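structure_1.csv (CSV, C-alpha atoms)
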chain,number,residue,atom,x,y,z
A,1,MET,CA,49.4,-74.1,-55.9
A,2,GLY,CA,47.3,-76.1,-53.5
A,3,VAL,CA,46.4,-73.5,-51.0
A,4,ILE,CA,43.7,-71.3,-52.4
A,5,ALA,CA,42.5,-69.1,-49.6
A,6,LYS,CA,42.5,-68.8,-45.9
A,7,ASN,CA,39.4,-68.0,-43.9
A,8,LYS,CA,37.0,-67.6,-46.7
A,9,SER,CA,35.2,-70.2,-48.7
A,10,LYS,CA,35.5,-69.5,-52.4
A,11,ALA,CA,32.2,-71.2,-53.1
A,12,THR,CA,30.0,-69.5,-50.5
A,13,GLY,CA,31.9,-66.6,-49.3
A,14,LYS,CA,31.4,-67.7,-45.7
A,15,LYS,CA,34.0,-67.3,-43.2
A,16,THR,CA,35.8,-70.4,-42.1
A,17,GLY,CA,38.6,-71.3,-39.6
A,18,ALA,CA,40.1,-73.7,-42.1
A,19,VAL,CA,42.8,-73.2,-44.6
A,20,ILE,CA,41.3,-74.2,-47.9
A,21,ASP,CA,43.7,-76.5,-49.7
A,22,SER,CA,42.7,-78.5,-52.8
A,23,LYS,CA,45.3,-81.1,-51.8
A,24,VAL,CA,43.2,-82.2,-48.8
A,25,GLY,CA,42.1,-85.8,-49.6
A,26,ASN,CA,38.6,-86.9,-50.5
A,27,TYR,CA,37.9,-89.6,-48.0
A,28,GLU,CA,34.4,-90.4,-49.2
A,29,LYS,CA,35.2,-93.9,-50.3
A,30,HIS,CA,37.9,-94.7,-47.7
A,31,PRO,CA,36.9,-98.0,-46.0
A,32,PHE,CA,37.3,-96.5,-42.5
A,33,PHE,CA,34.7,-93.8,-43.2
A,34,VAL,CA,32.4,-96.1,-45.2
A,35,LYS,CA,32.3,-98.5,-42.2
A,36,LYS,CA,31.6,-95.7,-39.8
A,37,ALA,CA,28.8,-94.3,-42.0
A,38,ASN,CA,27.2,-97.7,-42.3
A,39,ALA,CA,27.3,-98.3,-38.6
A,40,ALA,CA,25.8,-94.9,-38.0
A,41,LYS,CA,23.0,-95.6,-40.6
A,42,GLU,CA,22.1,-98.7,-38.6
A,43,ILE,CA,21.7,-96.7,-35.4
A,44,LEU,CA,19.6,-94.1,-37.2
A,45,LYS,CA,17.4,-96.7,-38.8
A,46,ASN,CA,15.8,-97.5,-35.4
A,47,THR,CA,15.3,-93.9,-34.3
A,48,ARG,CA,13.1,-91.0,-35.2
A,49,LEU,CA,15.0,-87.7,-35.8
A,50,PRO,CA,14.1,-84.6,-34.0
A,51,LYS,CA,11.9,-82.2,-36.1
B,1,MET,CA,34.3,-70.0,-28.5
B,2,GLN,CA,38.1,-69.6,-28.5
B,3,LEU,CA,39.9,-72.8,-27.3
B,4,PRO,CA,43.4,-73.9,-28.2
B,5,LYS,CA,43.1,-75.8,-31.4
B,6,TYR,CA,45.2,-76.9,-34.3
B,7,GLN,CA,45.2,-75.2,-37.7
B,8,TYR,CA,43.2,-77.4,-40.0
B,9,LYS,CA,42.7,-77.7,-43.7
B,10,THR,CA,39.7,-78.5,-45.9
B,11,ASN,CA,39.0,-78.7,-49.6
B,12,HIS,CA,36.2,-76.9,-51.4
B,13,GLY,CA,33.6,-79.5,-50.4
B,14,PHE,CA,34.0,-78.8,-46.7
B,15,LEU,CA,33.4,-82.5,-46.0
B,16,ASP,CA,37.0,-83.6,-45.5
B,17,TYR,CA,39.4,-82.0,-43.0
B,18,GLU,CA,43.0,-82.6,-42.0
B,19,PHE,CA,45.3,-81.4,-39.2
B,20,VAL,CA,48.4,-82.5,-37.5
B,21,SER,CA,48.6,-83.4,-33.8
B,22,GLU,CA,51.9,-82.6,-32.2
B,23,GLY,CA,53.1,-83.9,-28.9
B,24,PRO,CA,55.5,-86.3,-27.1
B,25,ASN,CA,54.7,-89.0,-29.6
B,26,GLY,CA,55.6,-86.8,-32.6
B,27,LYS,CA,53.4,-85.7,-35.4
B,28,ILE,CA,50.2,-87.5,-36.1
B,29,LYS,CA,48.0,-86.6,-39.0
B,30,LYS,CA,44.3,-86.6,-38.2
B,31,VAL,CA,41.6,-86.8,-40.8
B,32,ILE,CA,37.9,-85.9,-40.4
B,33,ARG,CA,35.1,-86.8,-42.7
B,34,TYR,CA,31.4,-85.8,-42.8
B,35,SER,CA,29.7,-88.7,-44.5
B,36,LYS,CA,26.2,-88.4,-45.8
B,37,LEU,CA,23.7,-90.7,-44.1
B,38,SER,CA,20.5,-89.2,-45.5
B,39,ASN,CA,19.3,-86.0,-46.9
B,40,ARG,CA,19.2,-84.5,-43.4
B,41,VAL,CA,22.0,-86.2,-41.5
B,42,PHE,CA,25.8,-86.5,-41.9
B,43,ASN,CA,28.1,-88.6,-39.8
B,44,LEU,CA,31.2,-87.1,-38.2
B,45,ALA,CA,34.1,-89.5,-37.9
B,46,PHE,CA,37.8,-88.9,-37.5
B,47,GLY,CA,41.0,-90.9,-36.9
B,48,ASP,CA,44.7,-91.1,-37.2
B,49,LEU,CA,46.0,-91.5,-40.7
B,50,ASP,CA,49.0,-93.8,-41.3
B,51,GLU,CA,50.5,-92.1,-44.3
B,52,THR,CA,52.6,-95.1,-45.1
B,53,THR,CA,49.7,-97.6,-45.4
B,54,GLY,CA,46.8,-95.2,-45.9
B,55,GLU,CA,44.9,-96.8,-43.1
B,56,ILE,CA,42.9,-94.8,-40.6
B,57,SER,CA,42.3,-95.8,-37.0
B,58,ASP,CA,40.2,-94.3,-34.2
B,59,THR,CA,41.1,-96.9,-31.7
B,60,ALA,CA,44.8,-96.3,-31.4
B,61,VAL,CA,45.8,-94.3,-28.3
B,62,SER,CA,48.0,-91.5,-29.6
B,63,ASN,CA,49.2,-90.4,-26.2
B,64,ASN,CA,50.1,-87.0,-27.5
B,65,ALA,CA,48.8,-85.2,-24.4
B,66,ASP,CA,46.5,-83.0,-26.5
B,67,SER,CA,43.1,-84.7,-26.5
B,68,ARG,CA,41.3,-81.4,-25.6
B,69,LYS,CA,43.1,-79.6,-28.4
B,70,VAL,CA,42.2,-82.4,-30.8
B,71,LEU,CA,38.5,-82.2,-29.7
B,72,ALA,CA,38.5,-78.4,-30.0
B,73,THR,CA,39.8,-78.7,-33.5
B,74,VAL,CA,37.2,-81.3,-34.4
B,75,ALA,CA,34.5,-79.0,-32.9
B,76,ALA,CA,35.8,-76.2,-35.0
B,77,THR,CA,35.1,-78.2,-38.1
B,78,VAL,CA,31.5,-78.7,-37.0
B,79,TYR,CA,31.2,-75.0,-37.1
B,80,ASP,CA,32.6,-74.9,-40.6
B,81,PHE,CA,30.5,-77.8,-41.9
B,82,THR,CA,27.2,-76.5,-40.5
B,83,SER,CA,28.0,-73.0,-41.7
B,84,GLN,CA,28.5,-74.4,-45.2
B,85,TYR,CA,25.6,-76.8,-45.0
B,86,PRO,CA,22.9,-75.0,-42.9
B,87,GLY,CA,20.0,-77.2,-41.9
B,88,LEU,CA,21.9,-80.5,-41.9
B,89,MET,CA,22.4,-82.5,-38.8
B,90,VAL,CA,25.7,-84.0,-37.6
B,91,MET,CA,25.8,-87.3,-35.9
B,92,VAL,CA,28.7,-88.2,-33.6
B,93,LYS,CA,29.5,-91.4,-31.8
B,94,GLY,CA,32.7,-92.6,-30.2
B,95,SER,CA,34.6,-95.6,-31.4
B,96,THR,CA,34.2,-97.0,-27.8
B,97,PRO,CA,31.9,-96.2,-24.9
B,98,VAL,CA,34.8,-94.5,-23.2
B,99,ARG,CA,35.3,-92.1,-26.1
B,100,THR,CA,31.5,-91.5,-26.3
B,101,ARG,CA,31.7,-90.5,-22.7
B,102,LEU,CA,34.6,-88.3,-23.4
B,103,TYR,CA,32.6,-86.5,-26.0
B,104,ARG,CA,29.6,-86.2,-23.6
B,105,MET,CA,31.8,-84.6,-21.0
B,106,GLY,CA,33.2,-82.2,-23.6
B,107,ILE,CA,29.7,-81.2,-24.7
B,108,ALA,CA,28.6,-80.9,-21.1
B,109,ASN,CA,31.6,-78.7,-20.1
B,110,TYR,CA,30.8,-76.2,-22.9
B,111,LEU,CA,27.0,-76.6,-23.1
B,112,HIS,CA,26.4,-73.0,-22.0
B,113,LEU,CA,28.4,-71.9,-25.1
B,114,LEU,CA,27.3,-74.5,-27.5
B,115,THR,CA,23.5,-74.1,-27.0
B,116,GLY,CA,23.8,-70.6,-28.3
B,117,ASP,CA,24.7,-71.9,-31.7
B,118,PHE,CA,23.5,-75.5,-31.7
B,119,GLU,CA,20.6,-77.8,-30.8
B,120,ILE,CA,22.2,-80.8,-29.3
B,121,TYR,CA,20.5,-84.2,-28.8
B,122,GLY,CA,21.6,-87.4,-27.1
B,123,LEU,CA,20.5,-90.9,-28.0
B,124,GLN,CA,19.2,-93.1,-25.3
B,125,ASN,CA,17.1,-96.2,-25.7
B,126,ARG,CA,16.5,-95.4,-29.4
B,127,ARG,CA,15.1,-91.9,-28.6
B,128,TRP,CA,16.8,-88.6,-29.3
B,129,GLU,CA,16.3,-86.2,-26.5
B,130,ALA,CA,17.6,-82.7,-25.7
B,131,PHE,CA,21.1,-83.1,-24.3
B,132,THR,CA,21.2,-83.1,-20.5
B,133,ARG,CA,24.2,-83.2,-18.3
B,134,ARG,CA,25.0,-86.4,-16.4
B,135,ARG,CA,23.0,-88.6,-18.6
B,136,ASP,CA,24.6,-91.5,-20.5
B,137,TYR,CA,24.2,-91.2,-24.3
B,138,GLU,CA,25.1,-93.6,-27.1
B,139,ALA,CA,25.5,-91.0,-29.7
B,140,PHE,CA,24.9,-87.3,-30.3
B,141,LEU,CA,23.0,-85.2,-32.9
B,142,ILE,CA,23.9,-81.6,-33.6
B,143,ARG,CA,22.1,-79.0,-35.6
B,144,ARG,CA,23.2,-75.4,-36.1
B,145,LYS,CA,20.6,-72.8,-35.1
B,146,LEU,CA,19.6,-70.7,-38.0
Now that the file is in, can you turn its structure into structure tokens?
Amino acid sequence: MGVIAKNKSKATGKKTGAVIDSKVGNYEKHPFFVKKANAAKEILKNTRLPK
Amino acid sequence: MQLPKYQYKTNHGFLDYEFVSEGPNGKIKKVIRYSKLSNRVFNLAFGDLDETTGEISDTAVSNNADSRKVLATVAATVYDFTSQYPGLMVMVKGSTPVRTRLYRMGIANYLHLLTGDFEIYGLQNRRWEAFTRRRDYEAFLIRRKL
């Protein structure tokens, strides 16, 4: 069963508005998100983060 | 902050989210990812998933007459992500200047509610400054108040 729990994170016990479903994809290496992350890194490179 | 939004799903990592936009153009699956940029900052990006090809696009105009509901859903995931990962910052930038402006307007419209929970910064001329209405920003940085 893919749907584990609604409204509570099993890991942290924190309340969430999401339905937690192990079938939700891992998009870490999806080219779309990799490209977005790289573009964002370029922007950050030239800025100083707020403390 | 209770705005109309879609039911959304995530997995145990709370970095990936999915929901389905429904409107005149049918059902469109939206996917959201928080990508690590550094130990302090994650990038929030989202787009339409073509389940046939696996491709994701954030430049297609869905025309599903639900942009506010979509943005409210994305905003809800910011609450979830920052709740699971306190102390981290979220960076957001539109795929086009028009979309960045749309996000700016969305933040401005609900600033009085958001600032209770978040510090919000806008990027202008390579400097992050506290978000101010009616200023043009290139990107946004959000941090949950502890």
Exercise. Pull out every residue of chain A that has at least one atom within 7 Å of chain B, counting all atoms listed in the file, and report them as a ChimeraX atom specification.
Key: /A:16,18-22,24-28,32-33,36-37,40-41,46-50
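The coordinates place atom CA of Asp50 of chain B at 28.2 Å from atom CA of Met105 of chain B.
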Quiz item: How many Å separate atom CA of Ile28 of chain B from atom CA of His30 of chain A?
Solution: 18.4 Å
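Picture a line from atom CA of Pro4 of chain B to atom CA of Arg101 of chain B; it runs 21.0 Å.
Minimum atom-to-atom distance to Arg68 of chain B, evaluated using all atoms listed in the file, belongs to B:Leu102 out of B:Ala108, B:Val90, B:Leu102, B:Ile120.
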